[in-house]
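Enquirer: I am attaching a structure below and will ask some questions about it afterwards.
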Amino acid sequence: MSENPETPVKPPAKDPMKGFRGVLAGTLIMEAITVALALPVVAKLGGGITSFTGWTVIALAVVLIVLCGLLKHVWAVPVILLLQLAIIGVGVTQPAIAIIGIIFLAAFLWFLWLRRDVARRMAAGTLPSQQQPQA
């Protein structure tokens with residue numbers, strides 16, 4: 001933390017927030033793969049791929065992939081959280097899909113908590129890259 005409250009906080013050498021979108025995009029791709037891999041379960045237990053539930057699962061996987069390209073927008077994170085709730089909602093007919101939604105919702109909430117913590121530490125000037133080298 002700065003010794004003088006009027007001294008501006010030195011920005012970190014590398015912006016840690018730049019990687020946040022990459023982490024979200026990678027997680028969305030992993031979730032899309034996981035949801036797509038749940039299709040055999042839907043085919044076996046949910047009336048087949050041609051059923052409404054099968055098409056819903058396919059649509060969710062496609063939306064997850066499309067959302068990767070839209071992460072630069074401010075509204076993307078709330079949409080991700082709403083999509084997780086939609087995936088959990090599909091669990092009314094397919095409990096396996098709901099479990100996937102719960103796991104990834106927990107992951108996204110954890111990422112948001114980490115982002116908030118890094119932003120707080122960056123504003124306070126306590127990140128390791130903001131510290132003065134010891135002489």
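Following the order of the structure tokens, first chain is A, next is B, and so on, with residues numbered from 1 inside each chain and ligands from 1 in the order they appear.
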Using DSSP assignments from the backbone, pull out every residue in chain A that falls under helix (DSSP H, G or I) and give it to me as a PyMOL selection string.

Expert: chain A and resi 18-37+39-45+52-68+76-90+95-124+128-130

Enquirer: Give me the residues near A:Ile33 as a compact mmCIF listing (two decimals) with C-alpha atoms, in the first residue's frame, where near means some atom within 9 Å (using only C-alpha atoms) and where sequence neighbours in that chain fewer than 5 positions away do not count.

Expert:
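As a result, around.txt now contains:
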```txt
# COMPACT_ATOMS: atom_id res chain seq x y z
CA LEU A 28 -17.18 -21.64 -22.13
CA ALA A 38 -24.18 -35.12 -22.73
CA ALA A 61 -23.83 -25.89 -26.82
```

Enquirer: Can you tell me, as a list in words, what residues are no more than 12 Å from A:Val77 when counting only C-alpha atoms, ignoring any on the same chain fewer than 2 positions away?

Expert: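 So, after excluding close chain neighbours, the residues are Phe20, Arg21, Leu24, Ala25, Leu28, Leu67, Cys68, Leu70, Leu71, Lys72, His73, Val74, Trp75, Val79, Ile80, Leu81, Leu82, Leu83, Gln84, Leu105, Phe108, Leu109, Phe111, Leu112 and Arg115 of chain A.
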
Enquirer: Can those selected residues be exported to a file as an mmCIF file, in the first residue's frame so that it contains N, CA and C atoms?

Expert:
```
data_model
loop_
_atom_site.group_PDB
_atom_site.id
_atom_site.type_symbol
_atom_site.label_atom_id
_atom_site.label_comp_id
_atom_site.auth_asym_id
_atom_site.auth_seq_id
_atom_site.Cartn_x
_atom_site.Cartn_y
_atom_site.Cartn_z
ATOM 1 N N PHE A 20 -8.579 -12.322 -18.200
ATOM 2 C CA PHE A 20 -9.878 -12.759 -17.686
ATOM 3 C C PHE A 20 -10.789 -13.244 -18.805
ATOM 4 N N ARG A 21 -10.822 -12.503 -19.927
ATOM 5 C CA ARG A 21 -11.662 -12.932 -21.055
ATOM 6 C C ARG A 21 -11.210 -14.270 -21.609
ATOM 7 N N LEU A 24 -12.508 -16.966 -19.330
ATOM 8 C CA LEU A 24 -13.945 -17.172 -19.566
ATOM 9 C C LEU A 24 -14.181 -17.913 -20.880
ATOM 10 N N ALA A 25 -13.466 -17.519 -21.925
ATOM 11 C CA ALA A 25 -13.651 -18.171 -23.225
ATOM 12 C C ALA A 25 -13.267 -19.646 -23.154
ATOM 13 N N LEU A 28 -15.977 -21.479 -21.301
ATOM 14 C CA LEU A 28 -17.179 -21.639 -22.126
ATOM 15 C C LEU A 28 -17.001 -22.758 -23.154
ATOM 16 N N LEU A 67 -21.057 -17.331 -27.611
ATOM 17 C CA LEU A 67 -20.813 -16.369 -26.538
ATOM 18 C C LEU A 67 -19.325 -16.115 -26.329
ATOM 19 N N CYS A 68 -18.477 -17.063 -26.723
ATOM 20 C CA CYS A 68 -17.029 -16.853 -26.621
ATOM 21 C C CYS A 68 -16.588 -15.630 -27.435
ATOM 22 N N LEU A 70 -18.326 -13.027 -28.012
ATOM 23 C CA LEU A 70 -18.998 -11.807 -27.561
ATOM 24 C C LEU A 70 -18.531 -11.352 -26.182
ATOM 25 N N LEU A 71 -17.454 -11.918 -25.684
ATOM 26 C CA LEU A 71 -16.991 -11.600 -24.333
ATOM 27 C C LEU A 71 -16.464 -10.175 -24.186
ATOM 28 N N LYS A 72 -16.184 -9.493 -25.284
ATOM 29 C CA LYS A 72 -15.680 -8.121 -25.185
ATOM 30 C C LYS A 72 -16.766 -7.136 -24.757
ATOM 31 N N HIS A 73 -18.014 -7.550 -24.851
ATOM 32 C CA HIS A 73 -19.119 -6.669 -24.483
ATOM 33 C C HIS A 73 -19.365 -6.703 -22.978
ATOM 34 N N VAL A 74 -19.839 -5.598 -22.452
ATOM 35 C CA VAL A 74 -20.093 -5.471 -21.016
ATOM 36 C C VAL A 74 -21.190 -6.435 -20.564
ATOM 37 N N TRP A 75 -22.149 -6.691 -21.411
ATOM 38 C CA TRP A 75 -23.297 -7.519 -21.039
ATOM 39 C C TRP A 75 -23.009 -9.010 -21.108
ATOM 40 N N VAL A 79 -24.970 -12.381 -19.166
ATOM 41 C CA VAL A 79 -25.571 -13.367 -20.073
ATOM 42 C C VAL A 79 -25.027 -14.762 -19.768
ATOM 43 N N ILE A 80 -23.738 -14.849 -19.455
ATOM 44 C CA ILE A 80 -23.157 -16.140 -19.084
ATOM 45 C C ILE A 80 -23.859 -16.692 -17.850
ATOM 46 N N LEU A 81 -24.066 -15.844 -16.857
ATOM 47 C CA LEU A 81 -24.723 -16.310 -15.626
ATOM 48 C C LEU A 81 -26.171 -16.719 -15.896
ATOM 49 N N LEU A 82 -26.876 -15.957 -16.732
ATOM 50 C CA LEU A 82 -28.249 -16.335 -17.089
ATOM 51 C C LEU A 82 -28.276 -17.644 -17.877
ATOM 52 N N LEU A 83 -27.295 -17.835 -18.730
ATOM 53 C CA LEU A 83 -27.213 -19.076 -19.493
ATOM 54 C C LEU A 83 -26.976 -20.270 -18.571
ATOM 55 N N GLN A 84 -26.183 -20.058 -17.526
ATOM 56 C CA GLN A 84 -25.971 -21.139 -16.558
ATOM 57 C C GLN A 84 -27.293 -21.500 -15.875
ATOM 58 N N LEU A 105 -21.590 -23.018 -13.171
ATOM 59 C CA LEU A 105 -22.022 -21.800 -12.478
ATOM 60 C C LEU A 105 -21.095 -21.521 -11.304
ATOM 61 N N PHE A 108 -17.840 -20.100 -12.709
ATOM 62 C CA PHE A 108 -17.938 -18.703 -13.135
ATOM 63 C C PHE A 108 -18.056 -17.762 -11.942
ATOM 64 N N LEU A 109 -18.790 -18.157 -10.919
ATOM 65 C CA LEU A 109 -18.891 -17.324 -9.719
ATOM 66 C C LEU A 109 -17.529 -17.196 -9.040
ATOM 67 N N PHE A 111 -14.619 -17.358 -10.613
ATOM 68 C CA PHE A 111 -13.823 -16.469 -11.462
ATOM 69 C C PHE A 111 -14.177 -15.006 -11.194
ATOM 70 N N LEU A 112 -15.461 -14.722 -11.034
ATOM 71 C CA LEU A 112 -15.878 -13.345 -10.759
ATOM 72 C C LEU A 112 -15.366 -12.873 -9.399
ATOM 73 N N ARG A 115 -11.718 -12.095 -9.902
ATOM 74 C CA ARG A 115 -11.558 -10.831 -10.630
ATOM 75 C C ARG A 115 -11.770 -9.646 -9.706
#
```

Enquirer: So what do you get for atom CA of A:Val118 versus atom CA of A:Met17, distance-wise?

Expert: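 These two atoms are separated by 8.2 Å.
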
Enquirer: Return the single residue from A:Ile102, A:Leu85, A:Leu64, A:Thr126 that is closest to A:Met30, with distances computed using only C-alpha atoms.

Expert: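 Among the listed residues, the smallest separation from A:Met30 belongs to A:Leu64.
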
Enquirer: Interatomic distance between atom CA of A:Arg121 and atom CA of A:Pro16?

Expert: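 Going from atom CA of A:Arg121 over to atom CA of A:Pro16 covers 11.0 Å.
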
Enquirer: From the list A:Ala119, A:Ala124, A:Ile65, A:Leu45, which residue is nearest A:Thr93 when using only C-alpha atoms?

Expert: A:Leu45

Enquirer: Quick one: residues within 12 Å of A:Ile103, only C-alpha atoms, excluding same-chain residues fewer than 2 positions away - as a list in words?

Expert: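 Near neighbours after the sequence-gap exclusion: Thr27, Met30, Glu31, Thr34, Val35, Gln84, Leu85, Ile87, Ile88, Ala96, Ile97, Ala98, Ile99, Ile100, Gly101, Leu105, Ala106, Ala107, Phe108, Leu109 and Trp110 of chain A.
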